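Heads up, the thing below is written out as structure tokens.
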Amino acid sequence: MKFVITGNVRKNKGVYFGLWGFLIFALLFWLSGFLYYYINFGFDYESLFRYYFTDVDFPEKISIKQVIENVHINLFINSFFVFIILSIFNIFNYKPSIKLFIIVATSISGLLYSISDLIVYYLENILILKPVLFLAFQFFVGLSLFMSIYGLLKINSNPNLKLLKLNIALFSFAIIIFFFVKCTSFL
């Protein structure tokens, strides 16, 4: 990951092609997120309500243990995915204010989407929050992915070390929440 700090992407062909491979697979992962969400939850209120509260096969409310397990898995996957994507995004020479906005918005929307199952479980009146958070998170991840792809094609490297530190701090915060959620699953 030395290239994240130095920005030497084009000079090292292995790193350059490795980044292309990763960004292509990340793009496929991002696109598959829409399909996964649609299959599991749907985008309308009725399908969300059915998933959490009145499934025909399981007429009881979904268990808190399953909700915590979903949050735990989402936090793990989304935290690492966002951390790596934003580290790559930070390599390219975009304005620092744009980088800052995208790093913070992607991290916060990813964290809120990851814990949205808990929010919806306890506050069922705001069930529509889950698809809103999902779409916000997907938007910012997609934006950072496409800007990284464009940067790899056209823009020179210029990593911002302060923003890299911020990205690490946001990732660390998400990991702390991850461990807190894991500890609550033992209770």
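Residues in the structure tokens are named by chain (A, B, ... in the order shown) and by number from 1 within that chain; ligands are numbered from 1 in the order shown.
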
Can you write out as JSON lines which residues of stretch 75-174 of chain A fall within 9 Å of stretch 46-54 of chain A, alongside each residue's closest atom pair and its distance in Å to one decimal, counting only C-alpha atoms and ordering rows by chain and ascending residue number?
{"residue": "A:Asp117", "atom": "CA", "partner": "A:Tyr52", "partner_atom": "CA", "distance": 8.9}
{"residue": "A:Val120", "atom": "CA", "partner": "A:Tyr52", "partner_atom": "CA", "distance": 8.4}
{"residue": "A:Tyr121", "atom": "CA", "partner": "A:Tyr52", "partner_atom": "CA", "distance": 7.2}
{"residue": "A:Glu124", "atom": "CA", "partner": "A:Phe49", "partner_atom": "CA", "distance": 8.3}
{"residue": "A:Leu127", "atom": "CA", "partner": "A:Leu48", "partner_atom": "CA", "distance": 7.2}
{"residue": "A:Ile128", "atom": "CA", "partner": "A:Leu48", "partner_atom": "CA", "distance": 8.0}
{"residue": "A:Lys130", "atom": "CA", "partner": "A:Leu48", "partner_atom": "CA", "distance": 8.5}
{"residue": "A:Pro131", "atom": "CA", "partner": "A:Leu48", "partner_atom": "CA", "distance": 8.9}

Considering only C-alpha atoms, return as a PDB file with C-alpha atoms, in the first residue's frame whatever protein or nucleic-acid residues lie within 6 Å of stretch 158-165 of chain A, sequence-local ones (same chain, fewer than 2 positions apart) excluded.
ATOM      1  CA  GLY A   7       1.161   8.321  -5.305  1.00  0.00           C
ATOM      2  CA  ASN A  90      -7.204  10.100  -2.222  1.00  0.00           C
ATOM      3  CA  ILE A  91      -4.244   9.336  -4.518  1.00  0.00           C
ATOM      4  CA  PHE A  92      -5.499  11.524  -7.344  1.00  0.00           C
ATOM      5  CA  ASN A  93      -5.132  15.265  -7.697  1.00  0.00           C
ATOM      6  CA  ASN A 167      -9.692   8.246   6.338  1.00  0.00           C
ATOM      7  CA  ILE A 168      -7.744   6.069   8.795  1.00  0.00           C
TER       8      ILE A 168
END

Contact check, stretch 29-100 of chain A to stretch 174-178 of chain A, at most 12 Å, counting only C-alpha atoms, closest pairs as JSON lines:
{"residue": "A:Ile68", "atom": "CA", "partner": "A:Phe178", "partner_atom": "CA", "distance": 10.3}
{"residue": "A:Glu69", "atom": "CA", "partner": "A:Phe178", "partner_atom": "CA", "distance": 10.7}
{"residue": "A:Asn70", "atom": "CA", "partner": "A:Phe178", "partner_atom": "CA", "distance": 11.3}
{"residue": "A:Val71", "atom": "CA", "partner": "A:Phe178", "partner_atom": "CA", "distance": 8.3}
{"residue": "A:His72", "atom": "CA", "partner": "A:Phe178", "partner_atom": "CA", "distance": 6.2}
{"residue": "A:Ile73", "atom": "CA", "partner": "A:Phe178", "partner_atom": "CA", "distance": 8.8}
{"residue": "A:Asn74", "atom": "CA", "partner": "A:Phe178", "partner_atom": "CA", "distance": 9.2}
{"residue": "A:Leu75", "atom": "CA", "partner": "A:Phe178", "partner_atom": "CA", "distance": 6.0}
{"residue": "A:Phe76", "atom": "CA", "partner": "A:Phe178", "partner_atom": "CA", "distance": 6.8}
{"residue": "A:Ile77", "atom": "CA", "partner": "A:Phe178", "partner_atom": "CA", "distance": 10.4}
{"residue": "A:Asn78", "atom": "CA", "partner": "A:Ala174", "partner_atom": "CA", "distance": 9.3}
{"residue": "A:Ser79", "atom": "CA", "partner": "A:Ala174", "partner_atom": "CA", "distance": 6.4}
{"residue": "A:Phe80", "atom": "CA", "partner": "A:Ile175", "partner_atom": "CA", "distance": 9.2}
{"residue": "A:Phe81", "atom": "CA", "partner": "A:Ala174", "partner_atom": "CA", "distance": 11.8}
{"residue": "A:Val82", "atom": "CA", "partner": "A:Ala174", "partner_atom": "CA", "distance": 10.5}
{"residue": "A:Phe83", "atom": "CA", "partner": "A:Ala174", "partner_atom": "CA", "distance": 10.0}

- Nearest candidate to A:Val9 (options A:Ile88, A:Ile108, A:Cys183, A:Leu27; using only C-alpha atoms): A:Ile88

- Message: To one decimal place in Å, what is the distance between atom CA of A:Ser172 and atom CA of A:Tyr113?
- Response: 16.9 Å

- Message: Quick check, in Å to one decimal: how far apart do atom CA of A:Val67 and atom CA of A:Tyr45 lie?
- Response: 18.2 Å

- Note on the structure: Using only C-alpha atoms, the residue out of A:Asn156, A:Gln66, A:Asn40, A:Thr184 with shortest distance to A:Lys11 is A:Asn156

- Item | Proximity to A:Leu19 - best of A:Val132, A:Ala169, A:Ile149, A:Val181, only C-alpha atoms | A:Ile149

- Message: Using only C-alpha atoms, can you tell me which of A:Ile85, A:Ile5, A:Ile126, A:Leu153 comes closest to A:Ile102?
- Response: A:Ile85

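Distances here use only C-alpha atoms; by that measure, the residue among A:Leu111, A:Ser63, A:Gly33, A:Thr6 closest to A:Phe171 is A:Leu111.
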